[in-house]
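Here the structure is laid out as structure tokens; the discussion comes afterwards.
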Amino acid sequence: MQVQFKVNGKSSALEVPTNTLLVQVLREQLQLTGTHVGCDTAQCGACTVIMNGRAIKSCNILAAQAQGAEITTIEGLAQPDGTMHPMQAAFKECHGLQCGFCTTGMVMSAVDLCKHHPKATETEIRELLEGNLCRCTGYQNIVKAVQQGAAAMAT
């Protein structure tokens, strides 16, 4: 079947089997490998992307379900000149990562979190990031990064 959607501002029309997951299309056909596959069961959040303005787990949605959608992956957050998105910069500055495997999904979820909850408290940030697992950091610096990123996004 053919699916059409816009990824990081570029229109794409692809031929895919009906059982193809969105994460597979992003990684294998569009070569957007920043979207990671962690668990394949929508538990870890490593595959999080923004679809039509909301964070979704791309391992849990068929490519066909994204028909006509606007999708942003981690590769689409930075400016064309390479300037990092405020949330990416905050994760770097606050060292909100260690191994980095969860980072792309965590950043995408954090962008969505700040868009829909711009004044989230530390407790709310922890609750709203519940669907993203990190095995390395203990979340302290991730929460700091989200707070700093939220402040930068508000300006």
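Labels for the structure tokens follow display order: chains A, B, ..., residues from 1 in each chain, ligands from 1.
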Tell me which protein, DNA and RNA residues are within 7 Å of Thr73 of chain A, counting only C-alpha atoms, leaving out same-chain ones fewer than 4 positions away, and put them as a list in words.
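Here the answer would be Asn8, Thr35, Val49, Ile50 and Leu77 of chain A.
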Requested write-out: all heavy atoms of the selected residues, as a short mmCIF file (atom, residue, chain, number, x, y, z; two decimals), in the first residue's frame:
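out-v1.cif written:
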```
data_model
loop_
_atom_site.label_atom_id
_atom_site.label_comp_id
_atom_site.auth_asym_id
_atom_site.auth_seq_id
_atom_site.Cartn_x
_atom_site.Cartn_y
_atom_site.Cartn_z
N ASN A 8 9.46 15.82 9.01
CA ASN A 8 10.42 16.92 9.17
C ASN A 8 10.29 17.95 8.05
O ASN A 8 11.27 18.47 7.54
CB ASN A 8 11.85 16.38 9.26
CG ASN A 8 12.02 15.46 10.44
OD1 ASN A 8 11.34 15.57 11.45
ND2 ASN A 8 12.94 14.50 10.31
N THR A 35 15.41 7.90 15.67
CA THR A 35 14.28 7.27 16.33
C THR A 35 14.70 5.84 16.63
O THR A 35 14.92 5.05 15.72
CB THR A 35 13.04 7.30 15.41
OG1 THR A 35 12.75 8.66 15.08
CG2 THR A 35 11.84 6.67 16.10
N VAL A 49 8.10 10.05 18.61
CA VAL A 49 8.14 11.12 17.62
C VAL A 49 6.92 12.00 17.86
O VAL A 49 6.03 11.64 18.62
CB VAL A 49 8.14 10.57 16.16
CG1 VAL A 49 9.38 9.72 15.89
CG2 VAL A 49 6.87 9.80 15.84
N ILE A 50 6.89 13.14 17.22
CA ILE A 50 5.71 14.02 17.29
C ILE A 50 4.90 13.80 16.01
O ILE A 50 5.43 13.94 14.91
CB ILE A 50 6.11 15.51 17.41
CG1 ILE A 50 7.08 15.76 18.56
CG2 ILE A 50 4.87 16.39 17.49
CD1 ILE A 50 6.51 15.68 19.93
N LEU A 77 14.15 18.51 14.73
CA LEU A 77 14.05 19.54 15.77
C LEU A 77 15.02 20.69 15.57
O LEU A 77 14.68 21.84 15.79
CB LEU A 77 14.29 18.94 17.16
CG LEU A 77 13.13 18.21 17.81
CD1 LEU A 77 13.51 17.83 19.24
CD2 LEU A 77 11.85 19.02 17.81
#
```
Report as an MDAnalysis selection string all protein, DNA and RNA residues lying within 8 Å of segment 89-95 of chain A, evaluated on only C-alpha atoms, omitting residues in the same chain fewer than 6 positions from it.
chainID A and resid 107 141:142 144:146 148:149
Rank nothing, just name the residue among A:Ser58, A:Asn52, A:Thr72, A:Gln43 nearest to Leu22 of chain A, using only C-alpha atoms.
A:Ser58
A:Ile125, A:Val37, A:Ala69, A:Ala42: which is nearest Val3 of chain A, counting only C-alpha atoms?
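Nearest candidate to Val3 of chain A out of A:Ile125, A:Val37, A:Ala69, A:Ala42: A:Ala69.
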Atom CA of Gln98 of chain A to atom CA of Leu32 of chain A: how many Å, to one decimal?
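The value is 21.3 Å.
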